[in-house]
Amino acid sequence: MYVLNARLAMVLPAGSDRLRGREMDTVPREITDGWMRIGDDGMIEALGETGSLDMSETEGHETVDARGGYVLPTFCDSHTHIIYAGSRDGEFLDKIRGLSYEEIARRGGGILNSADRLHDCTEDELFRQSMARAQMMVAKGTGAIEIKSGYGLNTADEFKMLRVAARIRESLPAHVKITFLGAHAVGREYTGRQSEYVDMLIADMLPAVAAEGLADYVDVFCDQGFFTVEETDRILTAAARYGMRPKIHANELACSGGVQVGVKHNALSVDHLERMGADEIDVLRSSATVATMLPGASFFLGMPYAPAKDAIKSGLTVALASDYNPGSSPSGDMRMVWALGCIKMRLTPTEALAACTVNGAAAMALSQTTGALSPGKEASFVITKPVPSLAFIPYEYTSPWLESVYIKGRKI
Ligand code: NIG
Ligand code: FE
């Protein structure tokens with residue numbers, strides 16, 4: 001298949017699997033009038049300037065006319081909690097009336113509210129609701145999704161979530177990576193006994209999850225009022241025995257030490273980072289850990305935005321993700337995340353797009369496969385309506401600029 005009359009963006013040299021610091025702006029190439037050839041195996045075989053294509057080569061092949069619209073790699077959303085039952089719109093009203101995220105959690109709302117609803121929901125119904133969210137994300141241009149557990153908080157319900165995640169992985173055309181987040185909050189049966197919950201998680205949950213091969217990664221909400229650095233260290237030490245790499249919730253509510261403990265355990269990413277200082281940036285600079293930031297949560301909760309610009313200036317690999325969940329970010333729209341990256345974090349449109357694509361893929365260990373337009377990567381891309389520039393997309397951030405979505409060479 002050939003895509004013709006295309007403005008190709010996020011074109012990277014073959015083999016590039018992450019962009020660090022200023023590279024996020026300088027390395028991606030744009031081809032204003034280009035073409036792309038896609039093999040029957042759904043991989044990008046070649047791309048280039050229109051002038052370089054001998055049109056006779058296209059004879060006998062399917063062609064797609066992009067009509068001057070952009071062709072962008074699909075988004076790689078490396079941090080979501082899309083498996084949940086119902087919603088938390090009641091807490092939305094509490095928030096409007098002035099309660100903070102932590103106050104709502106202390107009153108038994110928040111994560112435990114979602115855990116109660118999930119407990120009462122059948123597995124099939126949970127799949128139906130969660131799959132609909134995943135499909136909506138793909139329709140909005142996302143081609144790779146990380147999905148966390150963490151609303152079960154006991155072995156049976158965590159397993160229910162992880163099985164639903166596996167069903168989504170089987171049913172969705174997009175890539176799905178699955179993360180075990182048993183340490184998202186203390187389950188109700190263990191109220192007031194946090195250290196016993198952690199003991200149980202290490203002794204029972206983690207080995208069972210590993211034995212069934214239900215998760216790729218492990219996560220801990222390492223933050224003020226949730227799990228301590230010591231508890232996180234114990235959980236990650238145990239998970240390493242099963243070969244589960246960490247992706248940590250860190251520094252959302254306080255300078256929690258989560259970045260340091262994540263890097264110590266060779267985390268694939270540390271995520272949130274709204275309260276990050278120079279120490280955290282230094283620790284990340286000398287590591288391979290991706291700094292993942294979630295501007296949708298800052299937007300929804302009225303929190304400070306993570307210092308993405310400083311992190312980029314310091315040479316970090318920065319990713320942006322949606323954090324799609326019912327409490328702090330009820331949206332999986334990466335177009336909005338891209339726009340928030342520009343509007344609120346002052347990233348250039350190219351930096352923010354790199355954070356939403358190739359670096360998001362790196363945060364899921366998928367960047368050899370997807371996240372950029374390069375020969376040898378999968379042909380997962382969106383075509384936009386004709387727009388004046390790349391900047392126009394996050395600038396006119398509610399306009400319906402998306403024309404079509406292709407995953408592995410197939411139109412969705
Ligand atoms: O990433 N911060 C912790 N976990 C989620 C929110 C979960 C919830 O409120 O349901 C987050 O923001
Ligand atoms: Fe999260």
# chains A, B, ... in the order shown; residues from 1 in each chain; ligands from 1
>>> residues_around(residues="Val164 (chain A)", least_positions_apart="3", cutoff="6 Å", atoms="only C-alpha atoms", output="number ranges by chain")
A: 127, 161, 167
>>> residues_around(residues="region 39-45 of chain A", least_positions_apart="6", cutoff="9 Å", atoms="only C-alpha atoms", output="list in words")
Met1, Tyr2, Leu373, Ser374, Pro375, Gly376, Lys377, Glu378, Ala379, Ser380, Ile407, Lys408, Gly409 and Arg410 of chain A
>>> write_last_selection(atoms="C-alpha atoms", output="tab-separated table (two decimals), in the first residue's frame")
chain	number	residue	atom	x	y	z
A	1	MET	CA	0.00	0.00	0.00
A	2	TYR	CA	1.13	3.56	-0.73
A	373	LEU	CA	7.47	6.97	11.04
A	374	SER	CA	10.61	4.97	10.24
A	375	PRO	CA	11.27	2.11	7.84
A	376	GLY	CA	11.14	-1.09	9.90
A	377	LYS	CA	8.51	0.14	12.34
A	378	GLU	CA	4.85	-0.79	12.20
A	379	ALA	CA	2.65	1.31	9.95
A	380	SER	CA	0.45	2.67	12.74
A	407	ILE	CA	-2.98	0.29	12.96
A	408	LYS	CA	-0.33	-2.06	11.54
A	409	GLY	CA	-1.30	-0.99	8.02
A	410	ARG	CA	-5.04	-1.55	8.47
>>> closest_atom_pairs(of="chain A", to="ligand 1", cutoff="10 Å", atoms="only C-alpha atoms and all ligand atoms", output="JSON lines")
{"residue": "A:His79", "atom": "CA", "partner": "ligand 1", "partner_atom_place_in_ligand_line": "1 (O)", "distance": 7.9}
{"residue": "A:Thr80", "atom": "CA", "partner": "ligand 1", "partner_atom_place_in_ligand_line": "1 (O)", "distance": 7.6}
{"residue": "A:His81", "atom": "CA", "partner": "ligand 1", "partner_atom_place_in_ligand_line": "5 (C)", "distance": 7.3}
{"residue": "A:Ile82", "atom": "CA", "partner": "ligand 1", "partner_atom_place_in_ligand_line": "10 (O)", "distance": 9.8}
{"residue": "A:Tyr84", "atom": "CA", "partner": "ligand 1", "partner_atom_place_in_ligand_line": "10 (O)", "distance": 8.7}
{"residue": "A:Ser87", "atom": "CA", "partner": "ligand 1", "partner_atom_place_in_ligand_line": "10 (O)", "distance": 9.6}
{"residue": "A:Arg88", "atom": "CA", "partner": "ligand 1", "partner_atom_place_in_ligand_line": "10 (O)", "distance": 8.5}
{"residue": "A:Glu91", "atom": "CA", "partner": "ligand 1", "partner_atom_place_in_ligand_line": "9 (O)", "distance": 10.0}
{"residue": "A:Tyr101", "atom": "CA", "partner": "ligand 1", "partner_atom_place_in_ligand_line": "9 (O)", "distance": 7.6}
{"residue": "A:Glu102", "atom": "CA", "partner": "ligand 1", "partner_atom_place_in_ligand_line": "9 (O)", "distance": 9.4}
{"residue": "A:Ile104", "atom": "CA", "partner": "ligand 1", "partner_atom_place_in_ligand_line": "9 (O)", "distance": 9.4}
{"residue": "A:Ala105", "atom": "CA", "partner": "ligand 1", "partner_atom_place_in_ligand_line": "9 (O)", "distance": 8.0}
{"residue": "A:Gly109", "atom": "CA", "partner": "ligand 1", "partner_atom_place_in_ligand_line": "9 (O)", "distance": 8.7}
{"residue": "A:Gly110", "atom": "CA", "partner": "ligand 1", "partner_atom_place_in_ligand_line": "9 (O)", "distance": 5.0}
{"residue": "A:Ile111", "atom": "CA", "partner": "ligand 1", "partner_atom_place_in_ligand_line": "10 (O)", "distance": 4.4}
{"residue": "A:Leu112", "atom": "CA", "partner": "ligand 1", "partner_atom_place_in_ligand_line": "10 (O)", "distance": 8.0}
{"residue": "A:Asn113", "atom": "CA", "partner": "ligand 1", "partner_atom_place_in_ligand_line": "10 (O)", "distance": 8.3}
{"residue": "A:Ser114", "atom": "CA", "partner": "ligand 1", "partner_atom_place_in_ligand_line": "10 (O)", "distance": 6.6}
{"residue": "A:Ala115", "atom": "CA", "partner": "ligand 1", "partner_atom_place_in_ligand_line": "10 (O)", "distance": 8.8}
{"residue": "A:Lys148", "atom": "CA", "partner": "ligand 1", "partner_atom_place_in_ligand_line": "4 (N)", "distance": 9.8}
{"residue": "A:Gly150", "atom": "CA", "partner": "ligand 1", "partner_atom_place_in_ligand_line": "7 (C)", "distance": 8.4}
{"residue": "A:Tyr151", "atom": "CA", "partner": "ligand 1", "partner_atom_place_in_ligand_line": "10 (O)", "distance": 7.6}
{"residue": "A:Leu181", "atom": "CA", "partner": "ligand 1", "partner_atom_place_in_ligand_line": "4 (N)", "distance": 9.5}
{"residue": "A:His184", "atom": "CA", "partner": "ligand 1", "partner_atom_place_in_ligand_line": "4 (N)", "distance": 6.6}
{"residue": "A:Ala185", "atom": "CA", "partner": "ligand 1", "partner_atom_place_in_ligand_line": "3 (C)", "distance": 8.6}
{"residue": "A:Val220", "atom": "CA", "partner": "ligand 1", "partner_atom_place_in_ligand_line": "3 (C)", "distance": 9.0}
{"residue": "A:Phe221", "atom": "CA", "partner": "ligand 1", "partner_atom_place_in_ligand_line": "3 (C)", "distance": 6.1}
{"residue": "A:Cys222", "atom": "CA", "partner": "ligand 1", "partner_atom_place_in_ligand_line": "3 (C)", "distance": 9.0}
{"residue": "A:Asp223", "atom": "CA", "partner": "ligand 1", "partner_atom_place_in_ligand_line": "2 (N)", "distance": 8.4}
{"residue": "A:Phe226", "atom": "CA", "partner": "ligand 1", "partner_atom_place_in_ligand_line": "3 (C)", "distance": 9.0}
{"residue": "A:Ile248", "atom": "CA", "partner": "ligand 1", "partner_atom_place_in_ligand_line": "1 (O)", "distance": 9.8}
{"residue": "A:His249", "atom": "CA", "partner": "ligand 1", "partner_atom_place_in_ligand_line": "2 (N)", "distance": 6.5}
{"residue": "A:Ala250", "atom": "CA", "partner": "ligand 1", "partner_atom_place_in_ligand_line": "2 (N)", "distance": 8.4}
{"residue": "A:Asn251", "atom": "CA", "partner": "ligand 1", "partner_atom_place_in_ligand_line": "2 (N)", "distance": 9.4}
{"residue": "A:Glu252", "atom": "CA", "partner": "ligand 1", "partner_atom_place_in_ligand_line": "2 (N)", "distance": 6.8}
{"residue": "A:Leu253", "atom": "CA", "partner": "ligand 1", "partner_atom_place_in_ligand_line": "2 (N)", "distance": 8.4}
{"residue": "A:Asp271", "atom": "CA", "partner": "ligand 1", "partner_atom_place_in_ligand_line": "1 (O)", "distance": 8.2}
{"residue": "A:His272", "atom": "CA", "partner": "ligand 1", "partner_atom_place_in_ligand_line": "1 (O)", "distance": 7.2}
{"residue": "A:Leu294", "atom": "CA", "partner": "ligand 1", "partner_atom_place_in_ligand_line": "1 (O)", "distance": 8.1}
{"residue": "A:Gly296", "atom": "CA", "partner": "ligand 1", "partner_atom_place_in_ligand_line": "12 (O)", "distance": 9.2}
{"residue": "A:Ala297", "atom": "CA", "partner": "ligand 1", "partner_atom_place_in_ligand_line": "12 (O)", "distance": 6.1}
{"residue": "A:Ser298", "atom": "CA", "partner": "ligand 1", "partner_atom_place_in_ligand_line": "12 (O)", "distance": 9.0}
{"residue": "A:Phe300", "atom": "CA", "partner": "ligand 1", "partner_atom_place_in_ligand_line": "12 (O)", "distance": 9.9}
{"residue": "A:Leu301", "atom": "CA", "partner": "ligand 1", "partner_atom_place_in_ligand_line": "12 (O)", "distance": 9.1}
{"residue": "A:Ser322", "atom": "CA", "partner": "ligand 1", "partner_atom_place_in_ligand_line": "1 (O)", "distance": 9.2}
{"residue": "A:Asp323", "atom": "CA", "partner": "ligand 1", "partner_atom_place_in_ligand_line": "1 (O)", "distance": 5.6}
{"residue": "A:Tyr324", "atom": "CA", "partner": "ligand 1", "partner_atom_place_in_ligand_line": "1 (O)", "distance": 8.0}
{"residue": "A:Asn325", "atom": "CA", "partner": "ligand 1", "partner_atom_place_in_ligand_line": "10 (O)", "distance": 5.6}
{"residue": "A:Pro326", "atom": "CA", "partner": "ligand 1", "partner_atom_place_in_ligand_line": "10 (O)", "distance": 5.3}
{"residue": "A:Gly327", "atom": "CA", "partner": "ligand 1", "partner_atom_place_in_ligand_line": "9 (O)", "distance": 3.5}
{"residue": "A:Ser328", "atom": "CA", "partner": "ligand 1", "partner_atom_place_in_ligand_line": "12 (O)", "distance": 4.8}
{"residue": "A:Ser329", "atom": "CA", "partner": "ligand 1", "partner_atom_place_in_ligand_line": "12 (O)", "distance": 6.7}
{"residue": "A:Pro330", "atom": "CA", "partner": "ligand 1", "partner_atom_place_in_ligand_line": "10 (O)", "distance": 9.3}
>>> write_last_selection(atoms="C-alpha atoms", output="short mmCIF file (atom, residue, chain, number, x, y, z; two decimals), in the first residue's frame")
data_model
loop_
_atom_site.label_atom_id
_atom_site.label_comp_id
_atom_site.auth_asym_id
_atom_site.auth_seq_id
_atom_site.Cartn_x
_atom_site.Cartn_y
_atom_site.Cartn_z
CA HIS A 79 -0.07 5.18 31.59
CA THR A 80 -3.78 4.42 31.97
CA HIS A 81 -6.24 2.92 34.41
CA ILE A 82 -9.06 2.20 31.96
CA TYR A 84 -13.01 0.41 36.11
CA SER A 87 -17.66 6.44 37.07
CA ARG A 88 -16.96 8.89 39.91
CA GLU A 91 -16.78 13.02 43.51
CA TYR A 101 -8.20 14.69 45.81
CA GLU A 102 -6.63 13.64 49.14
CA ILE A 104 -12.00 12.77 48.92
CA ALA A 105 -9.75 9.71 49.35
CA GLY A 109 -13.99 7.95 48.11
CA GLY A 110 -11.32 7.87 45.48
CA ILE A 111 -9.60 4.62 44.64
CA LEU A 112 -11.58 2.65 47.28
CA ASN A 113 -14.86 3.88 45.81
CA SER A 114 -13.78 2.45 42.44
CA ALA A 115 -12.65 -0.77 44.18
CA LYS A 148 -2.92 -0.94 35.06
CA GLY A 150 -5.20 -1.36 41.06
CA TYR A 151 -8.94 -1.14 41.66
CA LEU A 181 -0.72 -2.08 40.56
CA HIS A 184 -2.50 1.53 44.51
CA ALA A 185 -4.23 1.82 47.91
CA VAL A 220 3.38 1.23 43.25
CA PHE A 221 1.66 4.49 44.21
CA CYS A 222 4.70 5.76 46.14
CA ASP A 223 3.47 9.03 47.56
CA PHE A 226 -0.18 6.08 50.05
CA ILE A 248 6.15 3.91 39.39
CA HIS A 249 3.57 6.50 40.45
CA ALA A 250 5.87 9.06 42.04
CA ASN A 251 5.91 12.66 43.19
CA GLU A 252 2.30 13.52 42.43
CA LEU A 253 1.42 14.74 45.91
CA ASP A 271 5.26 8.76 36.28
CA HIS A 272 3.41 11.94 37.41
CA LEU A 294 0.43 13.35 32.98
CA GLY A 296 -4.48 15.61 32.10
CA ALA A 297 -4.33 14.91 35.85
CA SER A 298 -2.91 18.38 36.56
CA PHE A 300 -8.46 17.96 36.06
CA LEU A 301 -7.23 18.26 39.66
CA SER A 322 -3.28 10.40 29.56
CA ASP A 323 -3.52 8.68 32.99
CA TYR A 324 -7.11 7.87 31.89
CA ASN A 325 -8.90 6.97 35.15
CA PRO A 326 -12.18 7.84 36.87
CA GLY A 327 -10.65 9.98 39.65
CA SER A 328 -7.93 12.25 38.36
CA SER A 329 -8.12 12.15 34.58
CA PRO A 330 -11.39 10.96 33.06
#
>>> residues_around(residues="region 66-68 of chain A", least_positions_apart="2", cutoff="6 Å", atoms="only C-alpha atoms", output="VMD selection string")
chain A and resid 4 to 6 386
>>> closest_residue(among="A:Asp77, A:Asp89, A:Glu351, A:Glu49", to="ligand 2", atoms="only C-alpha atoms and all ligand atoms")
A:Asp77
>>> residues_around(residues="region 332-348 of chain A", least_positions_apart="6", cutoff="8 Å", atoms="only C-alpha atoms", output="PDB file with C-alpha atoms, in the first residue's frame")
ATOM      1  CA  ASP A  25      12.751  18.997  18.948  1.00  0.00           C
ATOM      2  CA  PHE A  75      -0.110   7.979  20.003  1.00  0.00           C
ATOM      3  CA  ASP A  77      -0.308   6.143  25.840  1.00  0.00           C
ATOM      4  CA  THR A  80      -3.779   4.416  31.968  1.00  0.00           C
ATOM      5  CA  ARG A 133     -12.882   2.947  26.540  1.00  0.00           C
ATOM      6  CA  MET A 137      -8.907   5.656  22.505  1.00  0.00           C
ATOM      7  CA  LYS A 140      -8.966   8.985  18.651  1.00  0.00           C
ATOM      8  CA  GLY A 141      -5.586   7.915  17.321  1.00  0.00           C
ATOM      9  CA  THR A 142      -3.909   5.819  20.032  1.00  0.00           C
ATOM     10  CA  LEU A 294       0.431  13.351  32.981  1.00  0.00           C
ATOM     11  CA  PRO A 295      -0.874  16.825  32.220  1.00  0.00           C
ATOM     12  CA  GLY A 296      -4.482  15.608  32.095  1.00  0.00           C
ATOM     13  CA  TYR A 305       2.122  20.770  35.939  1.00  0.00           C
ATOM     14  CA  ALA A 306       5.240  18.635  35.972  1.00  0.00           C
ATOM     15  CA  PRO A 307       8.342  20.600  34.878  1.00  0.00           C
ATOM     16  CA  ALA A 308       8.557  19.139  31.401  1.00  0.00           C
ATOM     17  CA  LYS A 309      10.549  22.003  29.924  1.00  0.00           C
ATOM     18  CA  LEU A 320       3.352  12.338  28.103  1.00  0.00           C
ATOM     19  CA  ALA A 321       0.429  10.015  28.847  1.00  0.00           C
ATOM     20  CA  SER A 322      -3.277  10.400  29.565  1.00  0.00           C
ATOM     21  CA  ASP A 323      -3.522   8.675  32.991  1.00  0.00           C
ATOM     22  CA  TYR A 324      -7.113   7.870  31.890  1.00  0.00           C
ATOM     23  CA  CYS A 356       3.163  11.379  23.094  1.00  0.00           C
ATOM     24  CA  ILE A 393      -3.244  20.824  15.683  1.00  0.00           C
ATOM     25  CA  PRO A 394      -2.529  21.463  19.389  1.00  0.00           C
ATOM     26  CA  TYR A 395      -3.399  25.142  18.871  1.00  0.00           C
ATOM     27  CA  TYR A 397      -7.225  21.845  20.169  1.00  0.00           C
ATOM     28  CA  THR A 398     -10.898  20.988  19.973  1.00  0.00           C
TER      29      THR A 398
END
>>> atom_distance(atom1="CA of Asp17 (chain A)", atom2="CA of Thr63 (chain A)")
28.3 Å
>>> select_by_dssp(residues="region 94-249 of chain A", states="strand (DSSP E or B)", output="ChimeraX atom specification")
/A:142-148,175-183,185,217-222,227,245-249
>>> select_by_dssp(residues="region 96-190 of chain A", states="alpha helix (DSSP H)", output="compact mmCIF listing (two decimals) with N, CA, C and O atoms, in the first residue's frame")
# COMPACT_ATOMS: atom_id res chain seq x y z
N ILE A 96 -15.82 20.08 42.82
CA ILE A 96 -16.29 21.43 42.44
C ILE A 96 -16.62 22.24 43.69
O ILE A 96 -16.35 23.43 43.77
N TYR A 101 -8.30 16.11 46.15
CA TYR A 101 -8.20 14.69 45.81
C TYR A 101 -7.92 13.87 47.07
O TYR A 101 -8.52 12.82 47.31
N GLU A 102 -6.99 14.38 47.92
CA GLU A 102 -6.63 13.64 49.14
C GLU A 102 -7.79 13.61 50.13
O GLU A 102 -8.03 12.60 50.79
N GLU A 103 -8.54 14.73 50.26
CA GLU A 103 -9.69 14.74 51.19
C GLU A 103 -10.76 13.75 50.74
O GLU A 103 -11.33 13.02 51.54
N ILE A 104 -11.00 13.71 49.45
CA ILE A 104 -12.00 12.77 48.92
C ILE A 104 -11.56 11.34 49.23
O ILE A 104 -12.36 10.52 49.68
N ALA A 105 -10.26 11.06 49.06
CA ALA A 105 -9.75 9.71 49.35
C ALA A 105 -9.89 9.39 50.84
O ALA A 105 -10.32 8.30 51.22
N ARG A 106 -9.57 10.36 51.70
CA ARG A 106 -9.67 10.13 53.16
C ARG A 106 -11.09 9.82 53.59
O ARG A 106 -11.33 9.10 54.55
N ILE A 111 -9.95 5.94 45.15
CA ILE A 111 -9.60 4.62 44.64
C ILE A 111 -10.48 3.54 45.29
O ILE A 111 -10.95 2.61 44.61
N LEU A 112 -10.77 3.67 46.60
CA LEU A 112 -11.58 2.65 47.28
C LEU A 112 -13.03 2.65 46.77
O LEU A 112 -13.68 1.61 46.72
N ASN A 113 -13.52 3.79 46.41
CA ASN A 113 -14.86 3.88 45.81
C ASN A 113 -14.88 3.05 44.52
O ASN A 113 -15.78 2.22 44.30
N SER A 114 -13.85 3.24 43.69
CA SER A 114 -13.78 2.45 42.44
C SER A 114 -13.59 0.96 42.74
O SER A 114 -14.10 0.11 42.02
N ALA A 115 -12.85 0.64 43.82
CA ALA A 115 -12.65 -0.77 44.18
C ALA A 115 -13.99 -1.42 44.56
O ALA A 115 -14.27 -2.56 44.17
N ASP A 116 -14.82 -0.69 45.29
CA ASP A 116 -16.15 -1.23 45.67
C ASP A 116 -16.99 -1.51 44.42
O ASP A 116 -17.63 -2.55 44.30
N ARG A 117 -17.00 -0.55 43.52
CA ARG A 117 -17.80 -0.72 42.30
C ARG A 117 -17.28 -1.89 41.46
O ARG A 117 -18.05 -2.65 40.89
N LEU A 118 -15.97 -2.00 41.40
CA LEU A 118 -15.39 -3.08 40.59
C LEU A 118 -15.71 -4.44 41.22
O LEU A 118 -16.00 -5.40 40.51
N HIS A 119 -15.67 -4.48 42.53
CA HIS A 119 -15.97 -5.74 43.24
C HIS A 119 -17.39 -6.21 42.88
O HIS A 119 -17.62 -7.41 42.69
N GLU A 123 -17.27 -9.84 35.62
CA GLU A 123 -16.10 -9.72 34.75
C GLU A 123 -16.50 -9.35 33.32
O GLU A 123 -15.84 -8.53 32.67
N ASP A 124 -17.60 -9.91 32.85
CA ASP A 124 -18.04 -9.60 31.48
C ASP A 124 -18.44 -8.14 31.34
O ASP A 124 -18.15 -7.48 30.35
N GLU A 125 -19.15 -7.64 32.36
CA GLU A 125 -19.58 -6.25 32.30
C GLU A 125 -18.36 -5.31 32.41
O GLU A 125 -18.28 -4.29 31.72
N LEU A 126 -17.39 -5.70 33.24
CA LEU A 126 -16.17 -4.91 33.37
C LEU A 126 -15.43 -4.87 32.03
O LEU A 126 -14.92 -3.81 31.62
N PHE A 127 -15.39 -6.01 31.37
CA PHE A 127 -14.75 -6.06 30.05
C PHE A 127 -15.50 -5.15 29.08
O PHE A 127 -14.90 -4.37 28.34
N ARG A 128 -16.83 -5.22 29.09
CA ARG A 128 -17.62 -4.43 28.15
C ARG A 128 -17.33 -2.93 28.33
O ARG A 128 -17.05 -2.21 27.37
N GLN A 129 -17.36 -2.48 29.57
CA GLN A 129 -17.14 -1.04 29.83
C GLN A 129 -15.70 -0.63 29.48
O GLN A 129 -15.47 0.43 28.90
N SER A 130 -14.74 -1.47 29.85
CA SER A 130 -13.33 -1.10 29.68
C SER A 130 -12.92 -1.19 28.20
O SER A 130 -12.16 -0.35 27.70
N MET A 131 -13.46 -2.20 27.53
CA MET A 131 -13.15 -2.35 26.10
C MET A 131 -13.69 -1.15 25.31
O MET A 131 -13.04 -0.68 24.37
N ALA A 132 -14.85 -0.65 25.72
CA ALA A 132 -15.41 0.52 25.03
C ALA A 132 -14.46 1.71 25.18
O ALA A 132 -14.26 2.49 24.24
N ARG A 133 -13.85 1.84 26.36
CA ARG A 133 -12.88 2.95 26.54
C ARG A 133 -11.66 2.74 25.63
O ARG A 133 -11.19 3.68 24.99
N ALA A 134 -11.18 1.51 25.59
CA ALA A 134 -10.00 1.22 24.76
C ALA A 134 -10.31 1.51 23.28
O ALA A 134 -9.50 2.10 22.57
N GLN A 135 -11.50 1.11 22.85
CA GLN A 135 -11.86 1.33 21.44
C GLN A 135 -11.98 2.83 21.14
O GLN A 135 -11.59 3.30 20.07
N MET A 136 -12.50 3.57 22.10
CA MET A 136 -12.61 5.01 21.91
C MET A 136 -11.22 5.63 21.78
O MET A 136 -10.99 6.51 20.95
N MET A 137 -10.28 5.13 22.58
CA MET A 137 -8.91 5.66 22.50
C MET A 137 -8.31 5.38 21.13
O MET A 137 -7.66 6.26 20.54
N VAL A 138 -8.52 4.18 20.62
CA VAL A 138 -7.97 3.84 19.30
C VAL A 138 -8.62 4.74 18.24
O VAL A 138 -7.94 5.27 17.36
N ALA A 139 -9.93 4.94 18.36
CA ALA A 139 -10.62 5.79 17.38
C ALA A 139 -10.09 7.22 17.40
O ALA A 139 -10.15 7.93 16.41
N THR A 155 -6.67 -10.28 46.05
CA THR A 155 -6.16 -11.13 44.97
C THR A 155 -7.22 -11.41 43.92
O THR A 155 -6.97 -11.28 42.71
N ALA A 156 -8.43 -11.76 44.35
CA ALA A 156 -9.47 -12.14 43.38
C ALA A 156 -9.81 -10.98 42.45
O ALA A 156 -9.92 -11.16 41.23
N ASP A 157 -9.98 -9.79 43.01
CA ASP A 157 -10.40 -8.66 42.18
C ASP A 157 -9.25 -8.11 41.32
O ASP A 157 -9.47 -7.64 40.20
N GLU A 158 -8.02 -8.19 41.83
CA GLU A 158 -6.89 -7.81 40.98
C GLU A 158 -6.79 -8.78 39.79
O GLU A 158 -6.55 -8.37 38.65
N PHE A 159 -7.02 -10.06 40.06
CA PHE A 159 -7.01 -11.04 38.97
C PHE A 159 -8.12 -10.75 37.97
O PHE A 159 -7.93 -10.89 36.75
N LYS A 160 -9.27 -10.38 38.47
CA LYS A 160 -10.39 -10.04 37.57
C LYS A 160 -9.96 -8.92 36.62
O LYS A 160 -10.16 -9.00 35.40
N MET A 161 -9.33 -7.89 37.18
CA MET A 161 -8.86 -6.77 36.34
C MET A 161 -7.82 -7.23 35.32
O MET A 161 -7.85 -6.83 34.15
N LEU A 162 -6.86 -8.03 35.79
CA LEU A 162 -5.78 -8.44 34.89
C LEU A 162 -6.29 -9.35 33.78
O LEU A 162 -5.82 -9.29 32.65
N ARG A 163 -7.30 -10.18 34.10
CA ARG A 163 -7.89 -11.03 33.04
C ARG A 163 -8.64 -10.16 32.02
O ARG A 163 -8.59 -10.42 30.81
N VAL A 164 -9.32 -9.13 32.52
CA VAL A 164 -10.01 -8.21 31.59
C VAL A 164 -8.96 -7.51 30.71
O VAL A 164 -9.16 -7.37 29.49
N ALA A 165 -7.85 -7.11 31.31
CA ALA A 165 -6.79 -6.46 30.51
C ALA A 165 -6.29 -7.42 29.42
O ALA A 165 -6.06 -7.01 28.28
N ALA A 166 -6.15 -8.69 29.78
CA ALA A 166 -5.68 -9.68 28.79
C ALA A 166 -6.71 -9.84 27.67
O ALA A 166 -6.34 -9.97 26.49
N ARG A 167 -7.98 -9.79 28.01
CA ARG A 167 -9.02 -9.89 26.97
C ARG A 167 -8.98 -8.67 26.05
O ARG A 167 -9.18 -8.79 24.83
N ILE A 168 -8.73 -7.51 26.64
CA ILE A 168 -8.62 -6.30 25.80
C ILE A 168 -7.41 -6.46 24.87
O ILE A 168 -7.49 -6.15 23.68
N ARG A 169 -6.31 -6.97 25.40
CA ARG A 169 -5.11 -7.15 24.57
C ARG A 169 -5.41 -8.08 23.38
O ARG A 169 -4.96 -7.84 22.27
N GLU A 170 -6.20 -9.13 23.65
CA GLU A 170 -6.53 -10.06 22.55
C GLU A 170 -7.48 -9.44 21.53
O GLU A 170 -7.45 -9.77 20.36
N SER A 171 -8.36 -8.55 22.00
CA SER A 171 -9.45 -8.07 21.14
C SER A 171 -9.12 -6.78 20.40
O SER A 171 -9.80 -6.43 19.44
>>> closest_residue(among="A:Asn266, A:Thr32, A:Ser149, A:Ser56", to="ligand 2", atoms="only C-alpha atoms and all ligand atoms")
A:Ser149
>>> residues_around(residues="Leu206 (chain A)", least_positions_apart="5", cutoff="9 Å", atoms="only C-alpha atoms", output="list in words")
Phe180, Gly182, Met200, Leu201, Ala211, Ile235, Ala238, Ala239 and Tyr242 of chain A
>>> atom_distance(atom1="CA of Ala372 (chain A)", atom2="CA of Val270 (chain A)")
22.0 Å
>>> atom_distance(atom1="CA of Gln224 (chain A)", atom2="CA of Cys255 (chain A)")
8.3 Å
>>> closest_residue(among="A:Asp282, A:Glu403, A:Asp219, A:Glu230", to="ligand 2", atoms="only C-alpha atoms and all ligand atoms")
A:Asp219
>>> closest_residue(among="A:Thr26, A:Val3, A:Arg20, A:Trp35", to="Leu284 (chain A)", atoms="only C-alpha atoms")
A:Arg20
>>> closest_residue(among="A:Thr292, A:Ser100, A:Thr357, A:Ser52", to="ligand 2", atoms="only C-alpha atoms and all ligand atoms")
A:Thr292
